[in-house]
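Novice: Right, I'll just put the structure down here and ask away after.
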Amino acid sequence: MQNVKDTAALLKKETTLRPTLAMVLGSGFHHALAHFDSVREFAYGELPGFPTVGVTGHAGKLLIGRFGKVSVVILNGRAHYYEGHSMDKIVFPIRVLAEFGVRTILLTNAAGAINRLYMPGDFMVIEDHINFMGVNPLRGPDVPGLQRFVDLSQVYDPKLIKRIEQAAKKSKLRLRKGIYLAVSGPNYETPAEIRAFRRLGADAVGMSTVPEAIVARQYEMAVAGLSCITNKAAGRDPGGLLHQNVLATGEQKKDQMAEFLLAFAQL
Ligand code: HPA
């Protein structure tokens, strides 16, 4: 984990701001920085150990700045497991944020709605998750000073769930609540898989967030999760599922997302 400390040290050297709040902007949410005053920006390529980011709609920049008076560090774009990165690489930025001093993290993503009541354009506050990726970001040698057997009884902080609800009200998001199930992707699911996931208790499905949430809990950060429902999950929409449509929903919601991020930071 030497690298983690080095990269965090680099951030500390380059800025005087010391945000304790971080936001990870997934697909769609990267448009939502209208109210963010960036003080310092780093392409992931400038940060040793950070993954490269490939998927369309992900920028791959770490920004340090402010929403109003509140200092925030933003990961704009994330690496996905389906791109071929190791799990260690995917969660490296979260470890760096922890070393940098972040104590609260908002993880955002695009997700398909399994719950029949949830529609594209809705948002879902994540209450809990199901790790269906088949891998675990904590697998590997024990890291001195960090927990080995992390308790996930309450990954998503109840106070932050309330804060998301309040910010959603302010920014007029249609907010649902539910269980996010993570798959490794990159294919979208089959209708049979979606029926199975529904029976398991999942409300939405996506290809990210869960590894980051687990590692954030290893550092005892307070974790919040918000999904933008970009599409009905496979089998719910006779037209099938296109990545362009997934991106288009995020694009349509960008102003509301920008309002939401500002409200969440300031609450
Ligand atoms: N499935 C998996 N990941 C997703 C989806 C989906 O339907 N929509 C956005 N990300």
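Residues are referred to by chain and number: the chain letter is A, B, ... according to the order shown in the structure tokens, the number counts from 1 in that chain, and ligands are numbered separately from 1 in the order shown.
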Could you list the protein, DNA and RNA residues that have any atom within 6 Å of ligand 1, counting only C-alpha atoms and all ligand atoms, and write them as number ranges by chain?

Specialist: A: 110-112, 188, 205-207, 230-231, 233, 246

Novice: Apply DSSP to the backbone of this structure and, from region 59-259 of chain A, keep only the residues in alpha helix (DSSP H); write these as an NGL selection string.

Specialist: :A and (87-100 or 158-171 or 191-200 or 210-218 or 243-252 or 254-259)

Novice: Fewer than 3 positions away in the same chain doesn't count, so skip those; otherwise give me all residues within 7 Å of Val4 (chain A), counting only C-alpha atoms, as a PyMOL selection string.

Specialist: chain A and resi 1+7-8+95-96

Novice: What's around region 18-33 of chain A at 6 Å? Count only C-alpha atoms, leave out sequence neighbours fewer than 2 positions away in its own chain, and write the answer as a list in words.

Specialist: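 My reading of the contact set: His35, Phe36, Gly57, Ser71, Val72, Val73, Ile74, Leu75, Asn76, Gly77, Gly101, Val102, Arg103, Thr104, Ile105, Leu106, Leu107, Thr108, Asn109, Ala110, Gly250, Glu251, Lys254, Met257 and Ala258 of chain A.
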
Novice: Between A:Leu173, A:Leu247, A:Val143, A:Val39, which one has atoms that come closest to Leu261 (chain A), using only C-alpha atoms?

Specialist: A:Leu173

Novice: Work out how far CA of Ala222 (chain A) is from CA of Glu165 (chain A), in Å to one decimal.

Specialist: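 One can read the CA of Glu165 (chain A) to CA of Ala222 (chain A) distance as 16.0 Å.
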
Novice: Which residues come within 8 Å of Pro120 (chain A), counting only C-alpha atoms, excluding same-chain residues fewer than 5 positions away, as a ChimeraX atom specification?

Specialist: /A:113,228-232,249

Novice: Nearest to Lys159 (chain A): which of A:Phe132, A:Val223, A:Ser208, A:Asn245 is it, counting only C-alpha atoms?

Specialist: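 Smallest separation from Lys159 (chain A) among the options: A:Val223.
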